[in-house]
>>> print(open('start_38.txt').read())   # compact mmCIF, C-alpha atoms and all ligand atoms
# COMPACT_ATOMS: atom_id res chain seq x y z
CA MET O 1 -10.63 43.35 16.03
CA GLU O 2 -14.28 42.68 16.81
CA SER O 3 -14.95 39.53 18.78
CA THR O 4 -17.70 37.19 17.64
CA THR O 5 -17.81 35.26 20.94
CA PRO O 6 -20.21 36.59 23.52
CA ALA O 7 -18.47 38.11 26.54
CA PRO O 8 -18.85 36.00 29.70
CA SER O 9 -21.26 37.52 32.20
CA SER O 10 -19.57 39.37 35.01
CA PRO O 11 -19.48 37.76 38.47
CA GLY O 12 -21.77 40.50 39.75
CA GLY O 13 -24.29 39.88 36.93
CA THR O 14 -27.98 39.94 37.68
CA ASP O 15 -29.25 36.76 35.99
CA THR O 16 -28.29 34.14 38.59
CA THR O 17 -31.53 32.14 38.36
CA ALA O 18 -31.27 31.10 34.69
CA ALA O 19 -31.05 27.31 34.17
CA PRO O 20 -27.63 26.16 32.91
CA ALA O 21 -27.50 25.69 29.17
CA PRO O 22 -27.98 22.00 28.21
CA PHE O 23 -24.60 20.37 28.17
CA ASP O 24 -23.37 19.40 24.72
CA ALA O 25 -21.96 15.87 25.21
CA ALA O 26 -20.93 15.62 21.54
CA LEU O 27 -18.90 18.82 21.85
CA PHE O 28 -17.30 17.47 25.05
CA ARG O 29 -16.27 14.26 23.24
CA GLU O 30 -15.16 16.11 20.12
CA THR O 31 -13.06 18.65 22.03
CA LEU O 32 -11.47 16.14 24.38
CA GLY O 33 -10.81 13.81 21.45
CA HIS O 34 -8.30 16.41 20.30
CA TYR O 35 -6.20 15.59 23.32
CA PRO O 36 -4.07 12.49 22.58
CA THR O 37 -3.52 9.69 25.09
CA GLY O 38 -1.38 6.62 25.38
CA VAL O 39 -3.13 3.27 25.62
CA VAL O 40 -2.72 0.84 28.52
CA VAL O 41 -4.27 -2.46 29.53
CA VAL O 42 -5.07 -2.60 33.25
CA THR O 43 -4.88 -6.21 34.45
CA ALA O 44 -5.46 -8.12 37.69
CA ILE O 45 -6.33 -11.57 39.00
CA ASP O 46 -9.99 -11.54 40.02
CA ASP O 47 -11.55 -13.25 43.04
CA THR O 48 -12.05 -16.47 41.08
CA GLY O 49 -8.32 -16.63 40.26
CA ALA O 50 -8.84 -15.71 36.58
CA PRO O 51 -6.90 -12.97 34.80
CA VAL O 52 -8.93 -9.89 33.81
CA GLY O 53 -7.99 -6.82 31.80
CA MET O 54 -9.40 -3.74 30.10
CA VAL O 55 -8.06 -1.07 27.77
CA VAL O 56 -7.79 2.35 29.36
CA GLY O 57 -6.82 5.70 27.88
CA SER O 58 -7.46 7.60 31.09
CA PHE O 59 -4.25 6.51 32.79
CA THR O 60 -2.02 9.12 34.39
CA SER O 61 0.87 9.44 36.75
CA VAL O 62 -0.24 11.39 39.83
CA SER O 63 2.51 11.76 42.41
CA LEU O 64 6.18 10.94 42.77
CA ASP O 65 6.30 11.05 46.58
CA PRO O 66 4.42 8.93 47.42
CA PRO O 67 4.48 7.19 44.03
CA LEU O 68 0.87 7.23 42.82
CA VAL O 69 -0.85 6.64 39.50
CA ALA O 70 -4.55 6.64 38.55
CA TYR O 71 -6.94 5.29 35.96
CA LEU O 72 -10.61 6.00 35.42
CA PRO O 73 -12.91 3.10 34.62
CA THR O 74 -16.53 3.79 33.76
CA ARG O 75 -18.90 2.75 36.56
CA THR O 76 -20.75 0.35 34.26
CA SER O 77 -17.66 -1.55 33.12
CA GLY O 78 -17.97 -5.30 33.59
CA SER O 79 -14.18 -5.66 33.49
CA TYR O 80 -13.78 -3.07 36.24
CA ALA O 81 -16.31 -4.94 38.41
CA ARG O 82 -13.89 -7.88 38.28
CA LEU O 83 -10.68 -5.79 38.50
CA ARG O 84 -11.83 -4.25 41.79
CA THR O 85 -12.07 -7.65 43.45
CA SER O 86 -8.25 -7.54 43.60
CA ARG O 87 -6.14 -5.27 45.83
CA HIS O 88 -3.52 -5.12 43.10
CA PHE O 89 -3.53 -4.16 39.45
CA CYS O 90 -0.94 -3.84 36.73
CA VAL O 91 -0.81 -1.13 34.05
CA ASN O 92 0.63 -2.43 30.76
CA VAL O 93 1.71 0.32 28.34
CA LEU O 94 0.90 -0.89 24.82
CA ALA O 95 3.41 -0.57 21.98
CA ALA O 96 2.54 0.95 18.60
CA ASP O 97 2.51 -2.54 17.04
CA GLN O 98 -0.01 -3.92 19.59
CA GLN O 99 -3.23 -2.60 18.11
CA ASP O 100 -4.61 -6.16 17.84
CA LEU O 101 -4.04 -6.76 21.54
CA CYS O 102 -5.70 -3.41 22.20
CA GLY O 103 -8.80 -4.47 20.21
CA ARG O 104 -9.01 -7.69 22.15
CA PHE O 105 -8.80 -6.01 25.58
CA ALA O 106 -11.26 -3.29 24.59
CA SER O 107 -13.82 -5.95 23.61
CA ARG O 108 -16.36 -7.74 25.79
CA ALA O 109 -14.87 -11.14 24.84
CA GLU O 110 -15.35 -13.88 27.42
CA ASP O 111 -11.67 -14.77 27.80
CA LYS O 112 -9.49 -11.89 26.60
CA PHE O 113 -6.38 -13.75 27.79
CA ALA O 114 -6.88 -16.82 25.57
CA GLY O 115 -3.51 -17.55 23.91
CA VAL O 116 -1.76 -14.61 25.62
CA GLU O 117 1.45 -15.75 27.34
CA TRP O 118 1.38 -13.35 30.26
CA THR O 119 3.72 -13.50 33.23
CA PRO O 120 2.86 -12.58 36.83
CA ALA O 121 4.40 -9.47 38.42
CA ALA O 122 5.54 -9.76 42.07
CA HIS O 123 1.96 -9.53 43.41
CA GLY O 124 0.54 -11.76 40.71
CA SER O 125 -0.97 -9.17 38.31
CA PRO O 126 -0.54 -10.14 34.65
CA VAL O 127 2.28 -8.53 32.66
CA LEU O 128 1.49 -8.67 28.93
CA PRO O 129 4.18 -9.80 26.46
CA GLY O 130 5.51 -7.07 24.19
CA ALA O 131 4.23 -4.19 26.34
CA VAL O 132 6.56 -1.17 26.43
CA GLY O 133 6.50 -1.11 30.21
CA TRP O 134 4.42 -2.20 33.20
CA ILE O 135 3.58 -0.74 36.59
CA GLU O 136 2.19 -2.93 39.38
CA CYS O 137 0.17 -1.09 42.01
CA GLU O 138 -1.89 -1.51 45.14
CA VAL O 139 -5.27 0.26 45.19
CA THR O 140 -5.22 3.04 47.78
CA GLU O 141 -8.49 4.85 47.03
CA GLU O 142 -11.51 4.85 44.76
CA LEU O 143 -12.67 8.44 44.32
CA ASP O 144 -15.83 9.85 42.79
CA GLY O 145 -15.32 10.84 39.18
CA GLY O 146 -18.91 11.35 38.01
CA ASP O 147 -19.89 8.46 35.79
CA HIS O 148 -16.33 7.16 36.19
CA VAL O 149 -14.33 6.09 39.23
CA ILE O 150 -10.89 7.54 39.92
CA VAL O 151 -8.80 4.58 41.02
CA LEU O 152 -5.66 5.68 42.82
CA GLY O 153 -2.86 3.15 43.06
CA ARG O 154 0.43 3.18 44.93
CA VAL O 155 3.25 1.96 42.69
CA LEU O 156 4.90 -1.21 44.04
CA ASP O 157 7.07 -2.28 41.14
CA LEU O 158 7.65 -1.19 37.56
CA ALA O 159 9.92 -1.72 34.57
CA VAL O 160 10.51 -0.73 30.98
CA GLN O 161 10.20 -4.04 29.16
CA ARG O 162 10.60 -3.01 25.53
CA PRO O 163 11.78 0.58 24.92
CA THR O 164 9.93 1.15 21.70
CA LEU O 165 7.24 3.49 20.36
CA PRO O 166 3.99 3.45 22.37
CA LEU O 167 0.52 3.18 20.85
CA LEU O 168 -1.30 6.53 20.79
CA PHE O 169 -5.01 7.32 20.56
CA PHE O 170 -6.17 10.59 19.01
CA GLN O 171 -9.45 11.79 17.45
CA GLY O 172 -10.86 8.28 17.70
CA GLY O 173 -7.95 6.65 15.83
CA TYR O 174 -4.65 4.96 16.59
CA GLY O 175 -1.25 6.33 15.66
CA ARG O 176 2.34 6.63 16.66
CA PHE O 177 4.72 9.31 17.87
CA ALA O 178 7.02 10.94 15.31
CA LEU O 179 9.79 13.47 15.83
CA PRO O 180 9.47 16.58 13.69
CA SER O 181 12.15 15.53 11.20
CA PRO O 182 13.37 18.22 8.84
CA VAL O 183 13.86 15.50 6.23
CA ALA O 184 10.90 14.14 4.32
CA ALA O 185 11.47 11.31 1.85
CA SER O 186 10.00 13.44 -0.93
CA ASP O 187 12.09 16.47 -0.06
CA PRO O 188 13.28 18.04 -3.35
CA GLU O 189 16.65 18.88 -1.75
CA LEU O 190 17.10 15.21 -0.97
CA ILE O 191 16.12 13.98 -4.41
CA GLU O 192 18.32 16.56 -6.09
CA GLY O 193 21.18 15.72 -3.75
CA ALA O 194 20.91 12.03 -4.64
CA GLN O 195 20.87 12.87 -8.35
CA MET O 196 23.92 15.09 -8.00
CA ALA O 197 25.74 12.37 -6.07
CA GLU O 198 25.52 10.17 -9.17
CA ALA O 199 28.05 12.49 -10.82
CA VAL O 200 30.79 11.39 -8.40
CA ARG O 201 29.87 7.75 -7.87
CA GLU O 202 32.42 6.34 -10.32
CA PRO O 203 35.52 8.34 -9.23
CA LEU O 204 34.51 7.92 -5.58
CA GLU O 205 34.31 4.15 -5.90
CA ALA O 206 37.73 4.14 -7.56
CA LEU O 207 39.14 6.17 -4.67
CA ALA O 208 37.56 3.87 -2.08
CA ARG O 209 39.18 0.86 -3.76
CA GLU O 210 42.54 2.58 -4.00
CA LEU O 211 42.62 3.67 -0.34
CA GLY O 212 40.78 0.69 1.16
CA ALA O 213 38.57 3.24 2.92
CA ASP O 214 34.88 4.12 2.96
CA CYS O 215 33.76 7.01 0.78
CA SER O 216 30.39 8.67 0.99
CA VAL O 217 28.43 11.64 -0.28
CA MET O 218 26.47 13.80 2.14
CA ALA O 219 23.71 16.10 0.92
CA ARG O 220 22.60 19.00 2.98
CA VAL O 221 18.82 18.83 3.54
CA GLY O 222 17.50 21.58 5.80
CA SER O 223 19.36 21.38 9.09
CA GLU O 224 20.65 17.86 8.49
CA ALA O 225 23.10 16.03 6.27
CA VAL O 226 21.83 12.88 4.61
CA PHE O 227 24.11 10.19 3.20
CA VAL O 228 22.99 9.90 -0.42
CA ALA O 229 25.76 7.58 -1.63
CA ALA O 230 28.14 5.28 0.22
CA THR O 231 30.80 2.89 -1.03
CA LYS O 232 32.08 0.01 1.04
CA SER O 233 35.67 -0.91 0.52
CA GLY O 234 36.59 -2.71 3.70
CA GLY O 235 37.38 0.42 5.63
CA ASN O 236 37.67 -0.06 9.38
CA GLU O 237 34.75 2.08 10.52
CA PRO O 238 32.61 -0.10 12.80
CA GLY O 239 29.12 -0.92 11.50
CA SER O 240 28.14 0.14 8.10
CA LEU O 241 27.22 3.60 6.96
CA ALA O 242 24.23 3.35 4.70
CA VAL O 243 22.43 5.55 2.23
CA GLY O 244 19.64 7.28 4.12
CA HIS O 245 21.60 7.73 7.35
CA ARG O 246 21.17 11.23 8.68
CA ILE O 247 23.10 13.47 11.01
CA PRO O 248 21.92 16.81 12.39
CA LEU O 249 24.13 19.75 11.48
CA ILE O 250 24.88 20.82 15.02
CA PRO O 251 28.34 22.32 15.69
CA PRO O 252 30.99 21.01 15.40
CA VAL O 253 29.28 18.90 12.70
CA GLY O 254 28.54 20.66 9.41
CA THR O 255 31.41 23.13 8.99
CA VAL O 256 31.86 22.31 5.30
CA PHE O 257 28.20 23.13 4.65
CA CYS O 258 28.63 26.48 6.41
CA ALA O 259 31.90 27.41 4.74
CA GLN O 260 30.23 29.42 1.96
CA ALA O 261 27.16 30.36 3.99
CA PRO O 262 26.15 33.93 4.86
CA ASP O 263 26.39 35.15 8.48
CA GLU O 264 22.70 34.56 9.34
CA GLU O 265 23.02 30.93 8.36
CA VAL O 266 26.21 30.51 10.39
CA GLU O 267 24.40 32.00 13.40
CA ARG O 268 21.47 29.59 12.93
CA TRP O 269 23.96 26.72 12.79
CA LEU O 270 25.73 27.92 15.96
CA SER O 271 22.42 28.33 17.80
CA ARG O 272 21.63 24.62 17.31
CA ALA O 273 24.38 23.71 19.79
CA LYS O 274 23.36 24.35 23.37
CA ALA O 275 26.87 25.58 24.02
CA SER O 276 28.69 28.11 26.19
CA GLU O 277 30.15 31.30 24.70
CA GLU O 278 33.57 29.67 24.94
CA ASP O 279 32.41 26.62 22.94
CA ARG O 280 30.78 28.87 20.36
CA ALA O 281 34.05 30.74 19.96
CA SER O 282 35.86 27.48 19.29
CA PHE O 283 33.18 26.43 16.74
CA ARG O 284 33.79 29.76 14.98
CA GLU O 285 37.49 28.94 14.97
CA ASN O 286 36.69 25.53 13.48
CA LEU O 287 34.67 27.19 10.76
CA ALA O 288 37.48 29.67 10.05
CA ALA O 289 39.92 26.76 9.71
CA VAL O 290 37.62 24.95 7.28
CA ARG O 291 37.14 28.14 5.25
CA ARG O 292 40.91 28.60 5.11
CA ASN O 293 41.82 24.99 4.36
CA GLY O 294 38.90 23.88 2.22
CA TYR O 295 38.40 20.64 4.15
CA SER O 296 37.32 19.36 7.55
CA LEU O 297 39.17 16.73 9.59
CA SER O 298 38.15 14.77 12.65
CA LEU O 299 40.10 12.39 14.86
CA VAL O 300 39.09 8.91 15.99
CA PRO O 301 37.24 9.22 19.32
CA GLN O 302 38.83 7.64 22.40
CA SER O 303 35.54 6.22 23.70
CA PRO O 304 34.24 3.27 21.74
CA THR O 305 30.79 4.83 21.01
CA ASP O 306 29.27 3.05 18.05
CA ARG O 307 28.52 6.16 16.04
CA VAL O 308 27.09 4.26 13.09
CA ALA O 309 24.60 2.46 15.40
CA LEU O 310 23.56 5.83 16.87
CA MET O 311 23.12 7.25 13.38
CA SER O 312 21.15 4.22 12.33
CA ASP O 313 18.74 4.62 15.30
CA TYR O 314 18.43 8.35 14.63
CA SER O 315 17.71 7.76 10.92
CA GLY O 316 15.14 5.00 11.43
CA VAL O 317 11.40 5.27 10.89
CA ASP O 318 10.80 4.65 14.60
CA VAL O 319 13.19 7.32 15.87
CA LEU O 320 12.57 8.11 19.54
CA PRO O 321 13.39 11.27 21.51
CA VAL O 322 16.04 9.23 23.34
CA HIS O 323 17.80 8.59 20.00
CA GLU O 324 17.81 12.31 19.28
CA ARG O 325 19.25 13.05 22.72
CA ARG O 326 21.98 10.41 22.29
CA MET O 327 22.88 11.84 18.90
CA ARG O 328 23.14 15.36 20.36
CA GLN O 329 25.27 14.06 23.20
CA MET O 330 27.60 12.17 20.86
CA ILE O 331 28.04 15.32 18.74
CA SER O 332 28.73 17.53 21.73
CA GLU O 333 31.20 15.04 23.20
CA SER O 334 33.10 14.94 19.93
CA ALA O 335 33.73 18.71 19.87
CA SER O 336 37.46 18.44 20.62
CA LEU O 337 38.03 15.96 17.80
CA TYR O 338 37.31 18.37 14.95
CA GLU O 339 39.81 20.47 12.99
CA PRO O 340 42.91 19.25 14.84
CA VAL O 341 46.24 20.93 14.16
CA LEU O 342 48.40 18.04 12.98
CA ASP O 343 51.94 17.83 14.28
CA PRO O 344 54.28 16.82 11.38
CA GLU O 345 56.48 14.96 13.88
CA GLN O 346 53.63 12.64 14.93
CA THR O 347 51.30 10.11 13.32
CA HIS O 348 47.53 10.58 13.51
CA ASP O 349 44.37 8.48 13.77
CA LEU O 350 41.93 10.25 11.50
CA HIS O 351 38.22 9.46 11.72
CA SER O 352 37.07 11.43 8.70
CA VAL O 353 38.14 13.78 5.95
CA ILE O 354 35.33 15.88 4.48
CA VAL O 355 35.54 18.23 1.52
CA PRO O 356 32.79 20.37 0.01
CA MET O 357 31.78 19.68 -3.55
CA PRO O 358 31.88 23.08 -5.19
CA THR O 359 28.87 24.24 -7.13
CA GLU O 360 28.33 27.52 -8.89
CA GLU O 361 25.36 28.44 -6.75
CA GLY O 362 27.57 29.89 -4.03
CA HIS O 363 26.44 27.51 -1.33
CA THR O 364 27.47 23.99 -0.51
CA ARG O 365 24.86 21.31 -1.09
CA LEU O 366 27.10 18.23 -1.24
CA ALA O 367 30.17 17.07 0.61
CA LEU O 368 32.41 14.05 0.13
CA ARG O 369 33.61 12.09 3.11
CA LEU O 370 36.38 9.58 3.64
CA SER O 371 36.24 7.36 6.70
CA GLY O 372 37.44 3.98 7.91
CA LEU O 373 40.96 5.20 7.16
CA PRO O 374 44.12 3.36 8.21
CA ARG O 375 45.37 4.51 11.62
CA GLY O 376 48.74 6.06 12.35
CA ALA O 377 48.90 8.30 9.29
CA SER O 378 51.70 10.78 8.70
CA VAL O 379 50.84 14.37 7.80
CA ALA O 380 52.06 13.70 4.24
CA GLN O 381 49.66 10.76 4.05
CA VAL O 382 46.74 12.89 5.31
CA GLU O 383 47.60 15.55 2.73
CA GLU O 384 47.47 12.90 0.01
CA TRP O 385 44.01 11.80 1.16
CA ILE O 386 42.77 15.39 1.16
CA ALA O 387 44.21 15.99 -2.32
CA ALA O 388 42.68 12.78 -3.69
CA LEU O 389 39.24 13.55 -2.23
CA THR O 390 39.39 17.16 -3.44
CA ALA O 391 40.25 15.89 -6.95
CA VAL O 392 37.12 13.68 -6.90
CA ALA O 393 35.03 16.66 -5.70
CA ASP O 394 36.42 18.81 -8.53
CA GLU O 395 35.77 16.06 -11.06
CA GLY O 396 32.17 15.75 -9.74
CA ALA O 397 31.73 19.50 -10.04
CA ARG O 398 33.03 19.39 -13.62
CA ARG O 399 30.59 16.61 -14.52
CA LEU O 400 27.70 18.52 -12.95
CA ARG O 401 28.61 21.63 -14.96
CA GLU O 402 28.67 19.55 -18.14
CA ARG O 403 25.33 18.02 -17.28
CA ALA O 404 23.83 21.45 -16.61
CA ALA O 405 25.26 22.73 -19.93
CA ARG O 406 23.78 19.75 -21.83
CA ALA O 407 20.41 20.32 -20.16
CA GLY O 408 20.69 24.02 -21.12
CA VAL O 409 21.41 23.15 -24.74
CA ARG O 410 18.43 20.75 -24.81
CA ARG O 411 16.17 23.41 -23.32
CA GLY O 412 17.54 26.11 -25.67
C1 LIG H 501 -8.43 3.60 23.25
C2 LIG H 501 -9.43 3.20 24.29
C3 LIG H 501 -9.44 3.82 25.53
C4 LIG H 501 -10.34 3.45 26.51
N1 LIG H 501 -10.31 4.08 27.71
C5 LIG H 501 -11.20 3.73 28.67
C6 LIG H 501 -11.18 4.35 29.95
O1 LIG H 501 -10.35 5.22 30.21
N2 LIG H 501 -12.09 3.96 30.87
C7 LIG H 501 -13.02 3.00 30.60
O2 LIG H 501 -13.84 2.70 31.45
N3 LIG H 501 -13.07 2.39 29.38
C8 LIG H 501 -12.18 2.71 28.43
N4 LIG H 501 -12.22 2.09 27.22
C9 LIG H 501 -13.25 1.06 26.98
C10 LIG H 501 -12.89 -0.28 27.55
O3 LIG H 501 -11.59 -0.69 27.24
C11 LIG H 501 -13.72 -1.43 27.02
O4 LIG H 501 -14.72 -0.99 26.21
C12 LIG H 501 -14.28 -2.23 28.15
O5 LIG H 501 -13.25 -2.76 28.95
C13 LIG H 501 -15.11 -3.42 27.69
O6 LIG H 501 -16.25 -3.30 28.36
P1 LIG H 501 -16.46 -4.00 29.77
O7 LIG H 501 -15.42 -3.51 30.70
O8 LIG H 501 -17.82 -3.57 30.21
O9 LIG H 501 -16.35 -5.45 29.53
C14 LIG H 501 -11.31 2.42 26.25
C15 LIG H 501 -11.29 1.79 25.01
C16 LIG H 501 -10.37 2.17 24.05
C17 LIG H 501 -10.38 1.46 22.73
>>> encode(input="start_38.txt", output="structure tokens", more="lines below")
Ligand SMILES: Cc1cc2nc3c(=O)[nH]c(=O)nc-3n(C[C@H](O)[C@H](O)[C@H](O)COP(=O)(O)O)c2cc1C
Amino acid sequence: MESTTPAPSSPGGTDTTAAPAPFDAALFRETLGHYPTGVVVVTAIDDTGAPVGMVVGSFTSVSLDPPLVAYLPTRTSGSYARLRTSRHFCVNVLAADQQDLCGRFASRAEDKFAGVEWTPAAHGSPVLPGAVGWIECEVTEELDGGDHVIVLGRVLDLAVQRPTLPLLFFQGGYGRFALPSPVAASDPELIEGAQMAEAVREPLEALARELGADCSVMARVGSEAVFVAATKSGGNEPGSLAVGHRIPLIPPVGTVFCAQAPDEEVERWLSRAKASEEDRASFRENLAAVRRNGYSLSLVPQSPTDRVALMSDYSGVDVLPVHERRMRQMISESASLYEPVLDPEQTHDLHSVIVPMPTEEGHTRLALRLSGLPRGASVAQVEEWIAALTAVADEGARRLRERAARAGVRRG
């Protein structure tokens, strides 16, 4: 392909005397504006004893050993002239909901601290309320950074104060971090899933009442399952599963959705678990069991992880990478709980029973789930639950077929 950009001159080129092309400051700003930054307020107590602070995007961590950070104030900054009268400074990482505070500390207002209930860090530098975290430092060097100064600081003390989403600055505007969720609220798979779930609502609610358990409908949306209907009937699952909760389909979670799936899809599902060959083999065995049986079982975990709270964090608008990691960890730790072989001589504490809702399309879009079940169930009891849930799934499928036939007649 022909290049439209001129080739750079070779190092041995002849024209070494030409004046450098005039620097395009607008292009510099425009290009660097495409690089996002966090937003911090650098604070200190100036030589008159008054608190001073300025908003800075040019903050960076520099070194772990020794622990150094840096920020770059412009040489003409009035706030920096006051900040540098102190040996110490504090970096306050602003949260996504602190845009007002950001505006105030980016202004030239006389007293930016008016009405702000700051607290002093160990060396007196102001810590701002509501900041995500703060880092108190001692200035070690002021280096030349052109029209800016590179202020190097040794970290003395630091803490995460409010582990929430930070404020971000990008292309001249403010925003917030978002994980690349495969589920969008307007996703047609989600809307259709919710509409299909309506077909089972009535029999599912009846079953929930009868068993005193929680029943829900999960719709497969991309690589996740979303709860599109949930009944509450005083089951003993801690917390409360709600419509909109999501769970990533990472093995061992999601076997019922893979049961009818072609090999490539099964491989994609398996590849989502960062698992050993041995673990993969056992996930394949799980899938084979679900294909054979037509349902998926899981046991109550020994550790008291609040799974619903994890799911709630993961499904929230402000989902953080840490929530995603915790969800992954919970799923991987639960691997041994899925598809147990139940001993008829023993009783069992079942966490969930999941059955696919059959559709004629040849792949599973919806699954029904029972949870919050009474503990200490006999195998006969578990079989009754499976049969009852399967009957609801079949009834739902029948209603969906009828609905499709009616729609067909209307269209015809
Ligand atoms: C998002 C954002 C990032 C900023 N980053 C810097 C920076 O890295 N260095 C700097 O000198 N000023 C920066 N500023 C500007 C100062 O916060 C602010 O204009 C200044 O403190 C007020 O001027 P003064 O210091 O002369 O009173 C930034 C402003 C905003 C809104």
>>> residues_near_ligand(input="start_38.txt", ligand="ligand LIG 501 (chain H)", cutoff="6 Å", atoms="all atoms listed in the file", output="PDB file with C-alpha atoms, in the coordinates of the input")
ATOM      1  CA  VAL O  39      -3.130   3.270  25.620  1.00  0.00           C
ATOM      2  CA  MET O  54      -9.400  -3.740  30.100  1.00  0.00           C
ATOM      3  CA  VAL O  55      -8.060  -1.070  27.770  1.00  0.00           C
ATOM      4  CA  VAL O  56      -7.790   2.350  29.360  1.00  0.00           C
ATOM      5  CA  GLY O  57      -6.820   5.700  27.880  1.00  0.00           C
ATOM      6  CA  SER O  58      -7.460   7.600  31.090  1.00  0.00           C
ATOM      7  CA  LEU O  72     -10.610   6.000  35.420  1.00  0.00           C
ATOM      8  CA  PRO O  73     -12.910   3.100  34.620  1.00  0.00           C
ATOM      9  CA  THR O  74     -16.530   3.790  33.760  1.00  0.00           C
ATOM     10  CA  SER O  77     -17.660  -1.550  33.120  1.00  0.00           C
ATOM     11  CA  GLY O  78     -17.970  -5.300  33.590  1.00  0.00           C
ATOM     12  CA  SER O  79     -14.180  -5.660  33.490  1.00  0.00           C
ATOM     13  CA  TYR O  80     -13.780  -3.070  36.240  1.00  0.00           C
ATOM     14  CA  ALA O 106     -11.260  -3.290  24.590  1.00  0.00           C
ATOM     15  CA  SER O 107     -13.820  -5.950  23.610  1.00  0.00           C
ATOM     16  CA  ARG O 108     -16.360  -7.740  25.790  1.00  0.00           C
ATOM     17  CA  PHE O 169      -5.010   7.320  20.560  1.00  0.00           C
TER      18      PHE O 169
END
>>> closest_residue(input="start_38.txt", among="O:Ser371, O:Ala230, O:Val40, O:Ala407", to="O:Thr60", atoms="only C-alpha atoms")
O:Val40
>>> closest_residue(input="start_38.txt", among="O:Glu205, O:Arg104, O:Gly145, O:Gly175", to="O:Gly38", atoms="only C-alpha atoms")
O:Gly175
>>> residues_around(input="start_38.txt", residues="O:Thr390", least_positions_apart="2", cutoff="10 Å", atoms="all atoms listed in the file", output="VMD selection string")
chain O and resid 294 to 295 354 to 358 368 384 to 388 392 to 396
>>> write_last_selection(input="start_38.txt", atoms="C-alpha atoms", output="mmCIF file, in the frame of the given file")
data_model
loop_
_atom_site.group_PDB
_atom_site.id
_atom_site.type_symbol
_atom_site.label_atom_id
_atom_site.label_comp_id
_atom_site.auth_asym_id
_atom_site.auth_seq_id
_atom_site.Cartn_x
_atom_site.Cartn_y
_atom_site.Cartn_z
ATOM 1 C CA GLY O 294 38.900 23.880 2.220
ATOM 2 C CA TYR O 295 38.400 20.640 4.150
ATOM 3 C CA ILE O 354 35.330 15.880 4.480
ATOM 4 C CA VAL O 355 35.540 18.230 1.520
ATOM 5 C CA PRO O 356 32.790 20.370 0.010
ATOM 6 C CA MET O 357 31.780 19.680 -3.550
ATOM 7 C CA PRO O 358 31.880 23.080 -5.190
ATOM 8 C CA LEU O 368 32.410 14.050 0.130
ATOM 9 C CA GLU O 384 47.470 12.900 0.010
ATOM 10 C CA TRP O 385 44.010 11.800 1.160
ATOM 11 C CA ILE O 386 42.770 15.390 1.160
ATOM 12 C CA ALA O 387 44.210 15.990 -2.320
ATOM 13 C CA ALA O 388 42.680 12.780 -3.690
ATOM 14 C CA VAL O 392 37.120 13.680 -6.900
ATOM 15 C CA ALA O 393 35.030 16.660 -5.700
ATOM 16 C CA ASP O 394 36.420 18.810 -8.530
ATOM 17 C CA GLU O 395 35.770 16.060 -11.060
ATOM 18 C CA GLY O 396 32.170 15.750 -9.740
#
>>> atom_distance(input="start_38.txt", atom1="atom CA of O:Val308", atom2="atom CA of O:Arg246")
10.2 Å
>>> closest_residue(input="start_38.txt", among="O:Gly408, O:Ser223, O:Gln171, O:Ala242", to="O:Arg29", atoms="all atoms listed in the file")
O:Gln171
>>> atom_distance(input="start_38.txt", atom1="atom CA of O:Leu32", atom2="atom CA of O:Leu143")
21.4 Å
>>> atom_distance(input="start_38.txt", atom1="atom CA of O:His245", atom2="atom CA of O:Ser315")
5.3 Å
>>> residues_around(input="start_38.txt", residues="O:Ser216", least_positions_apart="3", cutoff="7 Å", atoms="only C-alpha atoms", output="mmCIF file with C-alpha atoms, keeping the file's coordinate frame")
data_model
loop_
_atom_site.group_PDB
_atom_site.id
_atom_site.type_symbol
_atom_site.label_atom_id
_atom_site.label_comp_id
_atom_site.auth_asym_id
_atom_site.auth_seq_id
_atom_site.Cartn_x
_atom_site.Cartn_y
_atom_site.Cartn_z
ATOM 1 C CA PHE O 227 24.110 10.190 3.200
ATOM 2 C CA ALA O 229 25.760 7.580 -1.630
ATOM 3 C CA ALA O 230 28.140 5.280 0.220
ATOM 4 C CA THR O 231 30.800 2.890 -1.030
ATOM 5 C CA LEU O 368 32.410 14.050 0.130
ATOM 6 C CA ARG O 369 33.610 12.090 3.110
ATOM 7 C CA LEU O 370 36.380 9.580 3.640
#
